[in-house]
Amino acid sequence: MVVASPNPVRCDKIQSIRVPVIDLSWKKGQVMEAVVRACEEYGFFKLINHGVPKDVIRRMEEEGHHFFGRPASEKQRAGPPDPLGYGNKNIGYNGDMGEIEYLLLPTNPLFIAQRSKAICRDPKSFCLVVNAYIEAVRGLACEILDLLSEGLRIKDKRTLSRLVKASDNDSMFRINHYPSCEDKGSDSDASTQCRIGFGEHSDPMMLTILRSNDAGGLQISVEDGVWLPIPPDPSAFYVNVGDALQALTNGRFLSVRHRAMAHSIKPRMSTIYFAAPPLHAWISPLPEMVTPQNPSRYRPFTWAEYKRTTYSLRLGESRLNLFKTLT
């Protein structure tokens, strides 16, 4: 879910700042304090010793390489995106574009089984690999959400994760593939240019769990016009807060704006799990997040309403502002 320019753009201000690195092997209290602080200050952190098996990660990466390595005519059988399925350059319905091809799927195993017939030559293997990966990262997302709930002193620490564990949750799984500049036959001044792969945006869901190969390109912005490049680490996951979680925490957590640049000397591939509630779920600041000094900043809305709004706009717009309470 992105807005992107189809044209090369000069790089904005780039600032080198070390983002939070959180080790899940730390003592629980230390991890809980660190994730809350990271979500408040950055809306983003790097997660190491996360417990997702290396074999699950390796097999998922292999499936991604197999799919994107196929001829264009074969990949297009899995598209066009509606918005689910295979897409190339065109992102969404409003003219957004990027130097990217992608595969977007819901996390429902039955839907994955149905779509897999057009995605690969061995649908059964693809389903097993993707479902195992989704199960592992969903568990990771729920663990983080429980830590956040406890750190915020929410009475029921399952309040947030219960939305993602619901059988009718609307979580999504996406694989992005960004070609290298060499693949695209870059202009002579490519070294001084940054091509937009996945344009500036915030994620509308609750929580995003991302992993990429060893090619760089991910950047986050915690200040207008200033971008922080995130060094790649295939052994780690990167976690960011989405709009829905910012609303649920009444603005205490930051839905970070981020983008991916397609200027690497090698192709970049990332796998992303978007943790989302059911379509009928109501999103509004949790009671513990509202005080006389900090009244509710957002009106109640359903996830379905917010999702419709997301698809109706250029996706780099600040959608959550439309749901602020009148003051």
# chains A, B, ... in the order shown; residues from 1 in each chain; ligands from 1
call {"tool": "residues_around", "arguments": {"residues": "Leu320 (chain A)", "least_positions_apart": "4", "cutoff": "8 Å", "atoms": "only C-alpha atoms", "output": "MDAnalysis selection string"}}
result
chainID A and resid 243 247 324
call {"tool": "residues_around", "arguments": {"residues": "Ser212 (chain A)", "least_positions_apart": "6", "cutoff": "6 Å", "atoms": "only C-alpha atoms", "output": "VMD selection string"}}
result
chain A and resid 234 269 to 270
call {"tool": "write_last_selection", "arguments": {"atoms": "all heavy atoms", "output": "PDB file, in the first residue's frame"}}
result
ATOM      1  N   PRO A 234      19.566 -10.005   6.917  1.00  0.00           N
ATOM      2  CA  PRO A 234      18.660 -11.125   6.624  1.00  0.00           C
ATOM      3  C   PRO A 234      18.345 -11.997   7.839  1.00  0.00           C
ATOM      4  O   PRO A 234      17.367 -12.753   7.804  1.00  0.00           O
ATOM      5  CB  PRO A 234      19.428 -11.936   5.569  1.00  0.00           C
ATOM      6  CG  PRO A 234      20.399 -10.972   4.971  1.00  0.00           C
ATOM      7  CD  PRO A 234      20.790 -10.062   6.096  1.00  0.00           C
ATOM      8  N   MET A 269      14.636  -8.392  -2.270  1.00  0.00           N
ATOM      9  CA  MET A 269      13.363  -9.063  -2.064  1.00  0.00           C
ATOM     10  C   MET A 269      13.009  -9.006  -0.591  1.00  0.00           C
ATOM     11  O   MET A 269      13.855  -9.251   0.272  1.00  0.00           O
ATOM     12  CB  MET A 269      13.410 -10.524  -2.530  1.00  0.00           C
ATOM     13  CG  MET A 269      12.028 -11.187  -2.521  1.00  0.00           C
ATOM     14  SD  MET A 269      12.028 -12.865  -3.194  1.00  0.00           S
ATOM     15  CE  MET A 269      12.841 -13.740  -1.852  1.00  0.00           C
ATOM     16  N   SER A 270      11.774  -8.653  -0.299  1.00  0.00           N
ATOM     17  CA  SER A 270      11.328  -8.585   1.087  1.00  0.00           C
ATOM     18  C   SER A 270      10.018  -9.339   1.242  1.00  0.00           C
ATOM     19  O   SER A 270       9.196  -9.396   0.313  1.00  0.00           O
ATOM     20  CB  SER A 270      11.151  -7.128   1.532  1.00  0.00           C
ATOM     21  OG  SER A 270      10.201  -6.460   0.726  1.00  0.00           O
TER      22      SER A 270
END
call {"tool": "residues_around", "arguments": {"residues": "region 121-127 of chain A", "least_positions_apart": "4", "cutoff": "9 Å", "atoms": "only C-alpha atoms", "output": "PDB file with C-alpha atoms, in the first residue's frame"}}
result
ATOM      1  CA  MET A  60      10.101 -18.889   2.027  1.00  0.00           C
ATOM      2  CA  GLU A  63       9.791 -19.786  -3.076  1.00  0.00           C
ATOM      3  CA  PRO A 109      -4.905 -20.929   3.979  1.00  0.00           C
ATOM      4  CA  ILE A 112      -3.636 -19.336  -0.582  1.00  0.00           C
ATOM      5  CA  ALA A 113      -4.390 -22.867  -1.771  1.00  0.00           C
ATOM      6  CA  GLN A 114      -6.731 -21.524  -4.448  1.00  0.00           C
ATOM      7  CA  ARG A 115      -4.327 -18.821  -5.680  1.00  0.00           C
ATOM      8  CA  SER A 116      -1.255 -21.041  -5.573  1.00  0.00           C
ATOM      9  CA  LYS A 117      -2.397 -22.902  -8.692  1.00  0.00           C
ATOM     10  CA  ASN A 131       1.488 -21.166   5.619  1.00  0.00           C
ATOM     11  CA  ALA A 132       4.411 -22.207   7.832  1.00  0.00           C
TER      12      ALA A 132
END
call {"tool": "select_by_dssp", "arguments": {"residues": "region 49-270 of chain A", "states": "strand (DSSP E)", "output": "JSON, numbers by chain"}}
result
{"A": [85, 86, 87, 88, 89, 90, 91, 96, 97, 98, 99, 100, 101, 102, 103, 104, 105, 106, 172, 173, 174, 175, 176, 177, 178, 196, 197, 198, 199, 200, 201, 207, 208, 209, 210, 211, 212, 218, 219, 220, 221, 222, 223, 226, 227, 228, 229, 237, 238, 239, 240, 241, 257, 258, 259, 260, 261, 268, 269, 270]}
call {"tool": "closest_residue", "arguments": {"among": "A:Phe44, A:Phe67, A:Trp26, A:Phe323", "to": "Ser202 (chain A)", "atoms": "only C-alpha atoms"}}
result
A:Phe44
call {"tool": "residues_around", "arguments": {"residues": "Asp233 (chain A)", "least_positions_apart": "2", "cutoff": "9 Å", "atoms": "only C-alpha atoms", "output": "list in words"}}
result
Arg211, Ser212, Asn213, Asp214, Ala215, Gly216, Pro231, Ser235, Ala236 and Phe237 of chain A
call {"tool": "write_last_selection", "arguments": {"atoms": "N, CA and C atoms", "output": "JSON list (two decimals), in the first residue's frame"}}
result
[["chain", "number", "residue", "atom", "x", "y", "z"],
["A", 211, "ARG", "N", 11.01, -8.79, 6.59],
["A", 211, "ARG", "CA", 12.36, -9.34, 6.46],
["A", 211, "ARG", "C", 12.79, -9.18, 5.02],
["A", 212, "SER", "N", 14.08, -8.88, 4.80],
["A", 212, "SER", "CA", 14.58, -8.75, 3.42],
["A", 212, "SER", "C", 15.87, -9.52, 3.27],
["A", 213, "ASN", "N", 16.31, -9.65, 2.03],
["A", 213, "ASN", "CA", 17.62, -10.24, 1.78],
["A", 213, "ASN", "C", 18.69, -9.21, 2.13],
["A", 214, "ASP", "N", 19.91, -9.41, 1.64],
["A", 214, "ASP", "CA", 21.01, -8.55, 2.05],
["A", 214, "ASP", "C", 21.19, -7.32, 1.16],
["A", 215, "ALA", "N", 20.17, -6.96, 0.39],
["A", 215, "ALA", "CA", 20.22, -5.74, -0.42],
["A", 215, "ALA", "C", 19.52, -4.61, 0.31],
["A", 216, "GLY", "N", 20.15, -3.44, 0.33],
["A", 216, "GLY", "CA", 19.58, -2.29, 1.04],
["A", 216, "GLY", "C", 18.49, -1.61, 0.25],
["A", 231, "PRO", "N", 20.15, -0.43, 7.40],
["A", 231, "PRO", "CA", 21.06, -1.45, 6.84],
["A", 231, "PRO", "C", 20.37, -2.81, 6.82],
["A", 235, "SER", "N", 19.14, -11.90, 8.90],
["A", 235, "SER", "CA", 18.89, -12.71, 10.09],
["A", 235, "SER", "C", 17.89, -12.07, 11.03],
["A", 236, "ALA", "N", 17.49, -10.83, 10.76],
["A", 236, "ALA", "CA", 16.62, -10.08, 11.66],
["A", 236, "ALA", "C", 15.27, -9.80, 11.00],
["A", 237, "PHE", "N", 14.32, -9.39, 11.83],
["A", 237, "PHE", "CA", 13.06, -8.86, 11.35],
["A", 237, "PHE", "C", 12.99, -7.38, 11.72]]
call {"tool": "residues_around", "arguments": {"residues": "Phe45 (chain A)", "least_positions_apart": "2", "cutoff": "9 Å", "atoms": "only C-alpha atoms", "output": "PyMOL selection string"}}
result
chain A and resi 19-22+35+38-39+42-43+47+237-240
call {"tool": "atom_distance", "arguments": {"atom1": "CA of Leu248 (chain A)", "atom2": "CA of Thr302 (chain A)"}}
result
11.8 Å
call {"tool": "atom_distance", "arguments": {"atom1": "CA of Tyr133 (chain A)", "atom2": "CA of Val56 (chain A)"}}
result
5.9 Å
call {"tool": "closest_residue", "arguments": {"among": "A:Leu148, A:Val31, A:Leu254, A:Ile57", "to": "Thr271 (chain A)", "atoms": "only C-alpha atoms"}}
result
A:Ile57
call {"tool": "select_by_dssp", "arguments": {"residues": "region 124-166 of chain A", "states": "alpha helix (DSSP H)", "output": "ChimeraX atom specification"}}
result
/A:124-151,159-165
call {"tool": "closest_residue", "arguments": {"among": "A:Met289, A:Ala141, A:Ala276, A:Ile48", "to": "Met206 (chain A)", "atoms": "only C-alpha atoms"}}
result
A:Ala276
call {"tool": "closest_residue", "arguments": {"among": "A:Ile265, A:Thr249, A:Ala34, A:Gly87", "to": "Ile154 (chain A)", "atoms": "only C-alpha atoms"}}
result
A:Thr249
call {"tool": "residues_around", "arguments": {"residues": "Tyr102 (chain A)", "least_positions_apart": "4", "cutoff": "6 Å", "atoms": "only C-alpha atoms", "output": "JSON, numbers by chain"}}
result
{"A": [86, 87, 175, 176, 177]}
